[in-house]
Amino acid sequence: MKAQEIFSAAINVKTEPTAKIDFNETNAVMAFHKKISTANTITNTLSYTNLKVNYELGSFKTLESPDQLNGLQNKFEITHEFSNTKLNVAVTPTLNFQQNPDASDFSVLGSFEIGQQLNSKTSITIGAARTTAFGYPKFIPTLSLHYKANNKSDLVIGFPDSKFSYSNNIRNTFSLTNSFNGSFYNLDHSHTLSENASKVSMSQITSAFEYERNVDKNWFINLKAGYDFNKKYNLIDNDNHNVYDFNTGNGYILGIGIKYKQ
């Protein structure tokens, strides 16, 4: 089904409670996928994220804490295949803001990866990416080893993402995932605790169990439950140095989503 997919749209809702702060995220995504020639394929993914942050009453009294953050990004990918090799280039303009977006909230992420098919079941991909996996834009290496034992199971081991998927029939997919992930949002104004604070930075390692059900021809429901390790929620300056640590601690995550594919 994925190979034939041309358009998809999804809405996901996720909650991440910690000891003193609850994070509630709503994400909307639209993706277009088109094979423009025998060797080249393009994909464009537009997504919007709204993050609401609820602080425990009485916590962080000395700080004017941000309670609503927004992110908009458009990821354009082109994939070129030849022989047993695949090249993938992605450019991702982003707009990460608190309430009032302006030109200073704009940044560009992206990646370049080379994949090699080793045999009928195994492939390897290496590359580099400018990503927010650690809470702010940073260049990191990427690596993944993909093993497809049969039509029912897939295994990807790598950095920053790993995943094992199993389908017991054409409607159900069960997955175990582990990912390094993060985000940042530019602040509208300096915080009272430190005039140097210009961004909110979030990062964590997320391990989760996911279940996706094809409920109708084109409609899918996704359920997600997991745990965030090494969770960090900080205020940082323009040089990405920490100026305040909220010390959130780790916590579990629960999510639900609905997707349309055609």
# chains A, B, ... in the order shown; residues from 1 in each chain; ligands from 1
call {"tool": "select_by_dssp", "arguments": {"residues": "stretch 113-253 of chain A", "states": "strand (DSSP E or B)", "output": "VMD selection string"}}
result
chain A and resid 113 to 117 122 to 131 138 to 147 153 to 159 161 to 166 172 to 186 191 194 199 to 214 219 to 236 242 to 245 251 to 253
call {"tool": "residues_around", "arguments": {"residues": "A:Ile236", "least_positions_apart": "6", "cutoff": "8 Å", "atoms": "only C-alpha atoms", "output": "CSV table (one decimal) with all heavy atoms, in the first residue's frame"}}
result
chain,number,residue,atom,x,y,z
A,196,ASN,N,18.8,36.8,28.5
A,196,ASN,CA,19.5,36.1,27.4
A,196,ASN,C,18.6,35.0,26.7
A,196,ASN,O,19.0,34.5,25.7
A,196,ASN,CB,20.8,35.5,27.9
A,196,ASN,CG,21.8,36.6,28.3
A,196,ASN,OD1,21.8,37.7,27.7
A,196,ASN,ND2,22.6,36.3,29.3
A,197,ALA,N,17.5,34.6,27.4
A,197,ALA,CA,16.7,33.5,26.9
A,197,ALA,C,16.0,33.9,25.6
A,197,ALA,O,15.3,34.9,25.5
A,197,ALA,CB,15.7,33.0,27.9
A,198,SER,N,16.3,33.1,24.5
A,198,SER,CA,15.6,33.5,23.2
A,198,SER,C,14.8,32.3,22.7
A,198,SER,O,14.0,32.5,21.7
A,198,SER,CB,16.7,33.9,22.2
A,198,SER,OG,17.6,32.8,22.0
A,199,LYS,N,15.0,31.1,23.2
A,199,LYS,CA,14.3,29.9,22.7
A,199,LYS,C,13.9,29.0,23.8
A,199,LYS,O,14.5,29.0,24.9
A,199,LYS,CB,15.2,29.1,21.7
A,199,LYS,CG,15.8,29.8,20.5
A,199,LYS,CD,16.7,28.9,19.7
A,199,LYS,CE,17.4,29.6,18.6
A,199,LYS,NZ,18.5,30.4,19.1
A,200,VAL,N,12.9,28.2,23.5
A,200,VAL,CA,12.6,27.0,24.3
A,200,VAL,C,13.1,25.8,23.6
A,200,VAL,O,12.9,25.6,22.4
A,200,VAL,CB,11.0,26.9,24.5
A,200,VAL,CG1,10.7,25.5,25.1
A,200,VAL,CG2,10.5,28.0,25.4
A,201,SER,N,13.8,24.9,24.3
A,201,SER,CA,14.4,23.7,23.7
A,201,SER,C,13.8,22.5,24.5
A,201,SER,O,13.8,22.4,25.7
A,201,SER,CB,15.9,23.8,23.9
A,201,SER,OG,16.5,22.5,23.5
A,242,ASN,N,22.4,26.7,27.6
A,242,ASN,CA,21.3,26.7,28.6
A,242,ASN,C,21.4,27.9,29.5
A,242,ASN,O,22.4,28.2,30.1
A,242,ASN,CB,21.3,25.5,29.4
A,242,ASN,CG,20.8,24.2,28.7
A,242,ASN,OD1,20.3,24.4,27.6
A,242,ASN,ND2,21.0,23.1,29.2
A,243,VAL,N,20.2,28.6,29.7
A,243,VAL,CA,20.2,29.7,30.7
A,243,VAL,C,19.2,29.3,31.8
A,243,VAL,O,19.1,30.0,32.9
A,243,VAL,CB,19.8,31.0,30.1
A,243,VAL,CG1,20.9,31.4,29.1
A,243,VAL,CG2,18.4,31.0,29.3
A,244,TYR,N,18.3,28.3,31.6
A,244,TYR,CA,17.4,27.9,32.6
A,244,TYR,C,16.9,26.5,32.3
A,244,TYR,O,16.6,26.1,31.2
A,244,TYR,CB,16.2,28.8,32.8
A,244,TYR,CG,15.3,28.4,34.0
A,244,TYR,CD1,15.6,28.9,35.2
A,244,TYR,CD2,14.2,27.6,33.8
A,244,TYR,CE1,14.8,28.6,36.3
A,244,TYR,CE2,13.4,27.3,34.9
A,244,TYR,CZ,13.7,27.8,36.2
A,244,TYR,OH,13.0,27.4,37.2
call {"tool": "residues_around", "arguments": {"residues": "A:Asp216", "least_positions_apart": "5", "cutoff": "12 Å", "atoms": "only C-alpha atoms", "output": "list in words"}}
result
Ile170, Arg171, Asn172, Ile221, Ile258, Lys259, Tyr260, Lys261 and Gln262 of chain A
call {"tool": "closest_atom_pairs", "arguments": {"of": "stretch 23-138 of chain A", "to": "stretch 4-13 of chain A", "cutoff": "9 Å", "atoms": "only C-alpha atoms", "output": "tab-separated table"}}
result
residue	atom	partner	partner_atom	distance
A:Asn24	CA	A:Val13	CA	7.6
A:Glu25	CA	A:Val13	CA	5.8
A:Thr26	CA	A:Val13	CA	4.6
A:Asn27	CA	A:Asn12	CA	5.1
A:Ala28	CA	A:Ile11	CA	4.5
A:Val29	CA	A:Ala10	CA	5.2
A:Met30	CA	A:Ala9	CA	4.4
A:Ala31	CA	A:Ser8	CA	5.2
A:Phe32	CA	A:Phe7	CA	4.7
A:His33	CA	A:Ile6	CA	4.7
A:Lys34	CA	A:Ile6	CA	6.2
call {"tool": "write_last_selection", "arguments": {"atoms": "N, CA, C and O atoms", "output": "tab-separated table (two decimals), in the first residue's frame"}}
result
chain	number	residue	atom	x	y	z
A	24	ASN	N	0.98	18.86	26.09
A	24	ASN	CA	-0.10	18.37	25.25
A	24	ASN	C	0.10	18.88	23.83
A	24	ASN	O	0.09	20.10	23.60
A	25	GLU	N	0.28	17.95	22.89
A	25	GLU	CA	0.65	18.32	21.53
A	25	GLU	C	-0.39	17.87	20.53
A	25	GLU	O	-0.87	16.74	20.58
A	26	THR	N	-0.74	18.77	19.59
A	26	THR	CA	-1.61	18.44	18.47
A	26	THR	C	-0.82	18.68	17.18
A	26	THR	O	-0.18	19.73	17.02
A	27	ASN	N	-0.85	17.70	16.29
A	27	ASN	CA	-0.05	17.75	15.07
A	27	ASN	C	-0.91	17.39	13.87
A	27	ASN	O	-1.64	16.41	13.89
A	28	ALA	N	-0.84	18.22	12.82
A	28	ALA	CA	-1.56	17.96	11.57
A	28	ALA	C	-0.55	17.86	10.44
A	28	ALA	O	0.36	18.69	10.33
A	29	VAL	N	-0.70	16.84	9.58
A	29	VAL	CA	0.29	16.56	8.53
A	29	VAL	C	-0.42	16.26	7.21
A	29	VAL	O	-1.42	15.54	7.19
A	30	MET	N	0.10	16.81	6.12
A	30	MET	CA	-0.34	16.45	4.77
A	30	MET	C	0.90	16.10	3.94
A	30	MET	O	1.90	16.83	3.99
A	31	ALA	N	0.85	15.00	3.20
A	31	ALA	CA	2.00	14.55	2.42
A	31	ALA	C	1.56	14.18	1.00
A	31	ALA	O	0.51	13.55	0.81
A	32	PHE	N	2.38	14.59	0.02
A	32	PHE	CA	2.15	14.25	-1.38
A	32	PHE	C	3.37	13.48	-1.88
A	32	PHE	O	4.51	13.87	-1.62
A	33	HIS	N	3.12	12.40	-2.61
A	33	HIS	CA	4.18	11.50	-3.05
A	33	HIS	C	3.97	11.22	-4.53
A	33	HIS	O	2.88	10.82	-4.95
A	34	LYS	N	5.02	11.47	-5.36
A	34	LYS	CA	4.85	11.27	-6.80
A	34	LYS	C	6.15	10.76	-7.41
A	34	LYS	O	7.24	11.29	-7.16
call {"tool": "residues_around", "arguments": {"residues": "stretch 179-188 of chain A", "least_positions_apart": "3", "cutoff": "7 Å", "atoms": "only C-alpha atoms", "output": "count of residues only"}}
result
25
call {"tool": "closest_residue", "arguments": {"among": "A:Phe164, A:Phe246, A:Phe159, A:Tyr227", "to": "A:Leu143", "atoms": "only C-alpha atoms"}}
result
A:Phe159
call {"tool": "residues_around", "arguments": {"residues": "A:Phe76", "least_positions_apart": "6", "cutoff": "8 Å", "atoms": "only C-alpha atoms", "output": "list in words"}}
result
Ile42, Thr43, Asn44, Thr45, Ala90, Val91 and Thr92 of chain A
call {"tool": "decode", "arguments": {"residues": "stretch 63-90 of chain A", "atoms": "N, CA, C and O atoms", "output": "short mmCIF file (atom, residue, chain, number, x, y, z; two decimals), in the first residue's frame"}}
result
data_model
loop_
_atom_site.label_atom_id
_atom_site.label_comp_id
_atom_site.auth_asym_id
_atom_site.auth_seq_id
_atom_site.Cartn_x
_atom_site.Cartn_y
_atom_site.Cartn_z
N LEU A 63 9.43 33.00 37.10
CA LEU A 63 9.61 32.92 35.65
C LEU A 63 8.28 33.09 34.92
O LEU A 63 7.26 32.53 35.30
N GLU A 64 8.31 33.91 33.89
CA GLU A 64 7.15 34.02 33.00
C GLU A 64 7.25 32.89 31.99
O GLU A 64 7.92 33.00 30.97
N SER A 65 6.60 31.76 32.28
CA SER A 65 6.82 30.54 31.51
C SER A 65 5.92 30.49 30.27
O SER A 65 4.72 30.77 30.36
N PRO A 66 6.48 30.11 29.13
CA PRO A 66 5.66 30.00 27.91
C PRO A 66 4.67 28.86 28.03
O PRO A 66 5.01 27.77 28.47
N ASP A 67 3.41 29.09 27.63
CA ASP A 67 2.40 28.04 27.78
C ASP A 67 1.82 27.56 26.45
O ASP A 67 1.06 26.61 26.42
N GLN A 68 2.19 28.21 25.35
CA GLN A 68 1.71 27.77 24.04
C GLN A 68 2.78 28.05 22.99
O GLN A 68 3.28 29.18 22.88
N LEU A 69 3.13 27.01 22.22
CA LEU A 69 4.21 27.10 21.24
C LEU A 69 3.73 26.51 19.91
O LEU A 69 2.89 25.60 19.91
N ASN A 70 4.27 27.02 18.81
CA ASN A 70 3.80 26.62 17.49
C ASN A 70 4.96 26.34 16.54
O ASN A 70 6.00 27.02 16.58
N GLY A 71 4.78 25.33 15.69
CA GLY A 71 5.79 24.99 14.70
C GLY A 71 5.16 24.67 13.35
O GLY A 71 4.16 23.95 13.28
N LEU A 72 5.73 25.21 12.28
CA LEU A 72 5.26 24.96 10.92
C LEU A 72 6.47 24.57 10.08
O LEU A 72 7.50 25.27 10.11
N GLN A 73 6.38 23.45 9.36
CA GLN A 73 7.51 23.05 8.53
C GLN A 73 7.04 22.38 7.24
O GLN A 73 5.96 21.79 7.19
N ASN A 74 7.87 22.53 6.21
CA ASN A 74 7.59 21.91 4.92
C ASN A 74 8.82 21.13 4.48
O ASN A 74 9.87 21.71 4.19
N LYS A 75 8.71 19.81 4.42
CA LYS A 75 9.83 18.95 4.06
C LYS A 75 9.68 18.50 2.61
O LYS A 75 8.73 17.83 2.26
N PHE A 76 10.67 18.89 1.79
CA PHE A 76 10.68 18.48 0.39
C PHE A 76 11.81 17.48 0.18
O PHE A 76 12.97 17.77 0.48
N GLU A 77 11.47 16.29 -0.35
CA GLU A 77 12.45 15.23 -0.56
C GLU A 77 12.48 14.81 -2.02
O GLU A 77 11.43 14.76 -2.67
N ILE A 78 13.67 14.50 -2.49
CA ILE A 78 13.80 13.88 -3.80
C ILE A 78 14.69 12.66 -3.65
O ILE A 78 15.74 12.71 -3.00
N THR A 79 14.23 11.54 -4.22
CA THR A 79 14.94 10.27 -4.14
C THR A 79 15.31 9.82 -5.54
O THR A 79 14.46 9.79 -6.45
N HIS A 80 16.58 9.47 -5.71
CA HIS A 80 17.08 8.99 -7.00
C HIS A 80 17.61 7.58 -6.81
O HIS A 80 18.43 7.32 -5.93
N GLU A 81 17.12 6.66 -7.64
CA GLU A 81 17.53 5.25 -7.55
C GLU A 81 18.27 4.82 -8.79
O GLU A 81 17.86 5.15 -9.91
N PHE A 82 19.36 4.11 -8.60
CA PHE A 82 20.08 3.51 -9.72
C PHE A 82 20.78 2.25 -9.24
O PHE A 82 21.35 2.22 -8.16
N SER A 83 20.66 1.19 -10.04
CA SER A 83 21.22 -0.10 -9.66
C SER A 83 20.68 -0.49 -8.28
O SER A 83 19.48 -0.49 -8.05
N ASN A 84 21.57 -0.79 -7.32
CA ASN A 84 21.15 -1.14 -5.96
C ASN A 84 21.38 0.02 -4.97
O ASN A 84 21.47 -0.19 -3.77
N THR A 85 21.49 1.24 -5.50
CA THR A 85 21.81 2.40 -4.67
C THR A 85 20.66 3.42 -4.72
O THR A 85 20.03 3.60 -5.77
N LYS A 86 20.45 4.07 -3.60
CA LYS A 86 19.41 5.09 -3.51
C LYS A 86 19.98 6.34 -2.85
O LYS A 86 20.61 6.27 -1.79
N LEU A 87 19.76 7.49 -3.48
CA LEU A 87 20.17 8.78 -2.91
C LEU A 87 18.92 9.54 -2.50
O LEU A 87 17.94 9.61 -3.25
N ASN A 88 18.95 10.13 -1.31
CA ASN A 88 17.81 10.90 -0.82
C ASN A 88 18.30 12.24 -0.28
O ASN A 88 19.19 12.29 0.57
N VAL A 89 17.72 13.32 -0.79
CA VAL A 89 18.05 14.67 -0.32
C VAL A 89 16.75 15.32 0.16
O VAL A 89 15.73 15.28 -0.53
N ALA A 90 16.80 15.92 1.35
CA ALA A 90 15.63 16.58 1.92
C ALA A 90 15.99 17.98 2.38
O ALA A 90 17.05 18.20 2.97
#
